[in-house]
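Below is protein_31.cif, holding mmCIF, C-alpha atoms.
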```
data_upload
loop_
_atom_site.label_atom_id
_atom_site.label_comp_id
_atom_site.auth_asym_id
_atom_site.auth_seq_id
_atom_site.Cartn_x
_atom_site.Cartn_y
_atom_site.Cartn_z
CA MET H 1 21.08 14.45 2.92
CA LYS H 2 21.14 14.50 -0.86
CA ARG H 3 23.95 11.93 -0.90
CA ILE H 4 22.07 9.69 1.52
CA SER H 5 18.90 9.97 -0.55
CA ASN H 6 20.82 8.88 -3.65
CA GLN H 7 22.24 5.91 -1.75
CA ILE H 8 18.78 4.95 -0.57
CA ILE H 9 17.38 5.06 -4.09
CA ALA H 10 20.25 2.89 -5.35
CA ALA H 11 19.84 0.55 -2.40
CA GLY H 12 16.15 0.17 -3.11
CA ALA H 13 16.88 -0.85 -6.67
CA VAL H 14 19.38 -3.47 -5.49
CA CYS H 15 17.03 -4.83 -2.89
CA LEU H 16 14.20 -5.15 -5.37
CA ALA H 17 16.34 -7.44 -7.50
CA ALA H 18 15.76 -10.20 -4.99
CA PHE H 19 12.02 -9.63 -4.90
CA VAL H 20 10.97 -9.28 -8.52
CA VAL H 21 7.34 -10.25 -8.88
CA GLY H 22 6.68 -11.32 -12.45
CA CYS H 23 3.52 -10.06 -14.15
CA SER H 24 2.18 -12.87 -16.29
CA TYR H 25 -0.21 -12.34 -19.17
CA HIS H 26 -2.35 -15.40 -18.60
CA GLU H 27 -5.85 -13.96 -18.80
CA LYS H 28 -8.51 -15.16 -21.21
CA GLU H 29 -12.26 -14.83 -21.34
CA ILE H 30 -13.65 -17.83 -19.50
CA PRO H 31 -16.51 -17.76 -17.01
CA SER H 32 -14.76 -18.65 -13.74
CA HIS H 33 -11.91 -17.55 -11.46
CA GLY H 34 -11.96 -20.91 -9.73
CA GLN H 35 -8.45 -21.89 -10.71
CA VAL H 36 -6.64 -18.70 -9.70
CA GLY H 37 -3.71 -19.58 -7.45
CA VAL H 38 -4.14 -23.32 -7.92
CA ALA H 39 -1.08 -25.34 -8.94
CA VAL H 40 -2.08 -26.77 -12.32
CA GLU H 41 -0.33 -27.70 -15.52
CA PRO H 42 0.29 -24.75 -17.88
CA THR H 43 -2.06 -24.58 -20.83
CA PRO H 44 -1.53 -22.79 -24.17
CA ILE H 45 -3.27 -19.46 -24.68
CA SER H 46 -3.84 -17.90 -28.05
CA ASN H 47 -1.50 -14.97 -28.86
CA ASN H 48 0.55 -15.60 -25.73
CA THR H 49 4.36 -15.76 -25.88
CA VAL H 50 7.00 -17.61 -23.90
CA ALA H 51 8.09 -14.36 -22.29
CA GLN H 52 4.56 -13.73 -21.05
CA ALA H 53 3.76 -17.29 -19.99
CA GLY H 54 2.36 -17.77 -16.50
CA PRO H 55 2.20 -20.83 -14.23
CA THR H 56 -1.60 -21.15 -14.12
CA THR H 57 -4.42 -21.68 -16.55
CA ALA H 58 -6.24 -18.72 -18.04
CA VAL H 59 -8.62 -16.67 -15.90
CA SER H 60 -11.36 -14.29 -16.91
CA GLY H 61 -10.90 -10.58 -17.45
CA GLY H 62 -10.20 -10.14 -21.15
CA ALA H 63 -7.42 -11.18 -23.47
CA ASN H 64 -3.89 -9.95 -22.86
CA GLN H 65 -4.73 -8.20 -19.59
CA ASN H 66 -2.06 -7.86 -16.93
CA GLY H 67 -2.89 -10.03 -13.94
CA VAL H 68 -1.28 -7.94 -11.17
CA LEU H 69 -2.78 -5.06 -9.20
CA VAL H 70 -0.78 -2.69 -7.02
CA ALA H 71 -1.55 -0.94 -3.77
CA THR H 72 -3.13 2.50 -3.93
CA GLY H 73 -2.95 5.29 -1.33
CA SER H 74 -4.58 3.69 1.70
CA GLY H 75 -3.04 0.34 0.84
CA VAL H 76 0.42 1.90 0.70
CA VAL H 77 -0.03 3.35 4.18
CA ALA H 78 -1.34 0.06 5.56
CA ARG H 79 1.54 -1.89 4.02
CA LEU H 80 4.11 0.48 5.49
CA GLU H 81 2.56 0.19 8.93
CA ASN H 82 2.49 -3.59 8.57
CA GLY H 83 6.10 -3.77 7.41
CA LEU H 84 7.17 -1.80 10.47
CA GLU H 85 4.82 -3.78 12.76
CA LYS H 86 3.05 -0.55 13.80
CA ASN H 87 6.26 0.67 15.41
CA ALA H 88 5.79 3.67 13.13
CA VAL H 89 2.21 4.73 12.39
CA SER H 90 0.61 7.20 10.02
CA THR H 91 -1.03 9.09 12.89
CA ALA H 92 2.17 10.25 14.56
CA GLY H 93 5.66 11.60 13.99
CA ASN H 94 7.36 12.18 10.67
CA PHE H 95 5.14 9.53 9.08
CA LYS H 96 2.07 11.66 9.80
CA LYS H 97 3.73 14.88 8.60
CA SER H 98 4.94 13.29 5.39
CA LEU H 99 1.61 11.63 4.65
CA LYS H 100 -0.13 14.99 4.89
CA LEU H 101 2.22 16.34 2.22
CA VAL H 102 2.29 13.42 -0.23
CA ASN H 103 -1.12 11.84 0.30
CA THR H 104 -2.69 13.24 -2.86
CA ASN H 105 0.33 12.13 -4.91
CA LEU H 106 0.27 8.47 -3.86
CA PRO H 107 -0.88 5.89 -6.45
CA SER H 108 -4.59 6.19 -7.14
CA LYS H 109 -4.95 3.45 -9.77
CA ALA H 110 -4.48 -0.24 -9.02
CA ASN H 111 -3.76 -1.24 -12.62
CA ILE H 112 0.01 -1.69 -12.79
CA GLN H 113 0.05 -0.54 -16.41
CA ASN H 114 -1.01 3.02 -15.60
CA ALA H 115 -0.30 3.37 -11.89
CA SER H 116 1.95 6.26 -10.86
CA GLY H 117 3.16 7.98 -7.72
CA PHE H 118 5.58 5.35 -6.45
CA ASP H 119 8.35 7.93 -6.01
CA GLN H 120 6.14 9.33 -3.27
CA VAL H 121 6.04 5.91 -1.63
CA GLN H 122 9.78 6.04 -1.09
CA LEU H 123 9.50 9.47 0.50
CA LEU H 124 6.82 8.13 2.82
CA ALA H 125 8.99 5.15 3.71
CA TYR H 126 11.84 7.57 4.48
CA ALA H 127 9.64 9.43 6.95
CA ALA H 128 8.25 6.28 8.57
CA CYS H 129 11.71 4.74 8.99
CA SER H 130 13.08 7.96 10.48
CA ASP H 131 10.55 7.65 13.31
CA LEU H 132 12.42 4.51 14.40
CA THR H 133 15.68 6.42 14.86
CA THR H 134 14.56 9.28 17.09
CA GLY H 135 14.80 9.71 20.86
CA ASN H 136 17.37 8.68 23.47
CA ASN H 137 16.40 5.01 23.24
CA PRO H 138 15.22 4.68 19.63
CA LEU H 139 13.17 1.80 18.30
CA MET H 140 15.99 0.88 15.91
CA LYS H 141 17.75 -0.25 19.09
CA THR H 142 14.96 -1.55 21.30
CA VAL H 143 13.00 -3.35 18.57
CA TYR H 144 15.59 -4.19 15.92
CA GLY H 145 18.75 -4.43 18.01
CA VAL H 146 20.78 -1.91 15.99
CA ILE H 147 22.99 0.13 18.35
CA PRO H 148 23.26 3.74 17.13
CA SER H 149 26.65 4.35 18.73
CA ALA H 150 28.25 1.16 17.37
CA THR H 151 29.91 0.74 13.99
CA ILE H 152 28.05 -0.50 10.95
CA ALA H 153 30.35 -3.53 10.81
CA SER H 154 29.51 -4.56 14.38
CA ASN H 155 25.80 -3.97 13.70
CA GLN H 156 25.84 -5.92 10.44
CA PRO H 157 24.02 -9.03 11.78
CA ALA H 158 21.33 -6.86 13.39
CA LEU H 159 20.92 -4.73 10.26
CA ILE H 160 20.48 -7.80 8.07
CA ALA H 161 18.08 -9.32 10.59
CA ALA H 162 16.08 -6.07 10.62
CA GLY H 163 15.79 -6.11 6.84
CA LEU H 164 14.67 -9.73 6.83
CA ARG H 165 12.17 -9.10 9.60
CA MET H 166 10.59 -6.21 7.71
CA LEU H 167 10.47 -8.14 4.43
CA ASP H 168 8.93 -11.09 6.26
CA GLN H 169 6.10 -8.79 7.30
CA HIS H 170 5.46 -7.97 3.65
CA THR H 171 5.84 -11.52 2.32
CA ALA H 172 4.37 -13.72 5.06
CA GLY H 173 7.78 -15.02 6.06
CA LEU H 174 9.12 -15.75 2.58
CA ALA H 175 12.10 -13.42 2.98
CA SER H 176 13.72 -15.62 5.60
CA GLN H 177 11.99 -18.94 4.92
CA GLY H 178 11.23 -18.95 1.20
CA PRO H 179 13.21 -20.58 -1.62
CA ASP H 180 15.07 -17.32 -2.32
CA SER H 181 15.94 -16.56 1.31
CA ALA H 182 19.67 -17.06 0.73
CA ALA H 183 19.61 -14.60 -2.17
CA VAL H 184 17.70 -12.06 -0.07
CA THR H 185 20.25 -12.36 2.72
CA THR H 186 23.07 -11.88 0.21
CA VAL H 187 21.46 -8.72 -1.17
CA LEU H 188 21.00 -7.29 2.32
CA THR H 189 24.57 -8.23 3.26
CA ASN H 190 25.93 -6.45 0.19
CA LEU H 191 23.76 -3.44 0.97
CA VAL H 192 25.03 -3.17 4.55
CA GLN H 193 28.64 -3.69 3.52
CA ALA H 194 28.33 -0.97 0.89
CA GLN H 195 27.21 1.39 3.63
CA ALA H 196 30.06 0.31 5.89
CA ALA H 197 32.58 0.99 3.12
CA VAL H 198 31.85 4.73 3.37
CA GLY H 199 33.78 5.92 6.41
CA THR H 200 31.45 8.80 7.23
CA ASN H 201 28.32 6.63 7.32
CA THR H 202 26.82 5.79 10.69
CA SER H 203 24.73 2.85 11.86
CA LYS H 204 21.67 5.09 11.89
CA MET H 205 22.25 5.89 8.22
CA ALA H 206 22.74 2.20 7.41
CA PHE H 207 19.53 1.32 9.25
CA MET H 208 17.63 3.99 7.34
CA THR H 209 18.99 2.67 4.04
CA VAL H 210 17.94 -0.91 4.82
CA CYS H 211 14.56 0.15 6.20
CA ILE H 212 13.66 2.34 3.24
CA ALA H 213 14.89 -0.15 0.65
CA VAL H 214 12.98 -3.15 1.97
CA ASN H 215 9.79 -1.28 2.80
CA THR H 216 9.73 0.44 -0.57
CA ALA H 217 10.07 -3.00 -2.13
CA GLY H 218 7.39 -4.56 0.03
CA THR H 219 4.99 -1.65 -0.28
CA SER H 220 5.10 -0.82 -3.98
CA MET H 221 6.62 -3.78 -5.81
CA LEU H 222 4.43 -6.64 -4.62
CA GLY H 223 1.13 -7.18 -6.42
CA LEU H 224 -2.20 -7.79 -4.74
#
```
Translate the structure of the given file into structure tokens.
Amino acid sequence: MKRISNQIIAAGAVCLAAFVVGCSYHEKEIPSHGQVGVAVEPTPISNNTVAQAGPTTAVSGGANQNGVLVATGSGVVARLENGLEKNAVSTAGNFKKSLKLVNTNLPSKANIQNASGFDQVQLLAYAACSDLTTGNNPLMKTVYGVIPSATIASNQPALIAAGLRMLDQHTAGLASQGPDSAAVTTVLTNLVQAQAAVGTNTSKMAFMTVCIAVNTAGTSMLGL
């Protein structure tokens, strides 16, 4: 289990590479938020740098304030349930047991600059994903089409499709339909093939790795 946990952590880091959400310092004291999210020409901001430049005009909130918030405890749970389309829920199974143990350690501050507890998010994702692999006819098979008894290589298309489906839940379809969809598919393909390269790995283990990686990314690395 320790080896699998290490693989999952590494897989999560790889998967996140395709879903980096930049945090732009484009805040300045002006009276309105009316232009947030609107496609407008960039405007210069005092004391800003090229590395911190954002695509929109300044918004209120104070100079040099980070413009991204992150999900806190209840938001983390809701995002996990959403990513798994309520096929795993916080009121049942390993998800429920794990939440009881880590609930007080989940992020409590939305400010990305001092938020903490995201290592607990990955543990929660582990538990939620494991609920999809239990039973004689597990949800990894009936919902995501990954056959537990088949090889990872033969399940590769289904494993990639499962990862894309989960990321689509987190990103409103951008994983499979957005401008970086090819890159996301490549990352998932590499992740699955890395699992297949280890002879003792099973399709259940590969599914867990994909599930935890993408849901950790979608739950804790996307701003509000």
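If you look at CA of Pro138 in chain H and CA of Leu174 in chain H, they are 27.3 Å away from each other.
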Q: Apply the PyMOL selection byres ((chain H and resi 98-104) around 8) to the structure shown and report the selected residues as a PyMOL selection string.
A: chain H and resi 73+90+94-97+105-106+120+123-124+127
Taking C-alpha atoms for each residue, export the selection above as a JSON list (two decimals), in the frame of the given file.
```json
[["chain", "number", "residue", "atom", "x", "y", "z"],
["H", 73, "GLY", "CA", -2.95, 5.29, -1.33],
["H", 90, "SER", "CA", 0.61, 7.20, 10.02],
["H", 94, "ASN", "CA", 7.36, 12.18, 10.67],
["H", 95, "PHE", "CA", 5.14, 9.53, 9.08],
["H", 96, "LYS", "CA", 2.07, 11.66, 9.80],
["H", 97, "LYS", "CA", 3.73, 14.88, 8.60],
["H", 105, "ASN", "CA", 0.33, 12.13, -4.91],
["H", 106, "LEU", "CA", 0.27, 8.47, -3.86],
["H", 120, "GLN", "CA", 6.14, 9.33, -3.27],
["H", 123, "LEU", "CA", 9.50, 9.47, 0.50],
["H", 124, "LEU", "CA", 6.82, 8.13, 2.82],
["H", 127, "ALA", "CA", 9.64, 9.43, 6.95]]
```
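Distance annotation: of H:Pro179, H:Ala206, H:Arg79, H:Asn87, the residue with the minimal separation from Leu139 in chain H is H:Asn87; atom set is all atoms listed in the file.
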Q) Of the candidates H:Ser149, H:Gly218, H:Ile212, H:Pro157, which shows the shortest atom-to-atom distance to Ala175 in chain H, using all atoms listed in the file? A) H:Gly218
Q: Kindly provide, as a PyMOL selection string, the polymer residues lying within 12 Å of (22.3, -13.8, 5.0), counting all atoms listed in the file and using the coordinates exactly as they appear in the file.
A: chain H and resi 156-164+175-177+180-192
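We find CA of Tyr126 in chain H and CA of Thr209 in chain H to be spaced 8.7 Å apart.
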Q.
What's the separation between CA of Met140 in chain H and CA of Gln193 in chain H, in Å to one decimal place?
A. 18.3 Å
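If you measure from each of H:Asp119, H:Gly75, H:Asp131, H:Ala172 to Thr91 in chain H using all atoms listed in the file, the closest one turns out to be H:Asp131.
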Q.
So that I can see what lies close to Leu132 in chain H, please list as a ChimeraX atom specification the residues with an atom at most 10 Å from it, counting only C-alpha atoms and leaving out residues fewer than 2 positions away in the same chain.
A. /H:84,87-88,93-94,127-130,134-135,137-144,204,207-208,211
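The shortest atom-to-atom distance to Lys86 in chain H, with all atoms listed in the file taken into account, belongs to H:Met166 out of H:Ala213, H:Val121, H:Met166, H:Ala153.
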Q: Run the PyMOL selection byres ((chain H and resi 169) around 8) mentally over the shown coordinates, then write out the matched residues as a count of residues only, using the chain letters and numbers from the document.
A: 12
Q. Which is closer to Ala197 in chain H than all the others in H:Ser74, H:Thr219, H:Asn136, H:Thr151, using all atoms listed in the file?
A. H:Thr151
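Using all atoms listed in the file, the smallest distance between any of H:Ile152, H:Thr216, H:Val76, H:Gln122 and Asn201 in chain H comes from H:Ile152.
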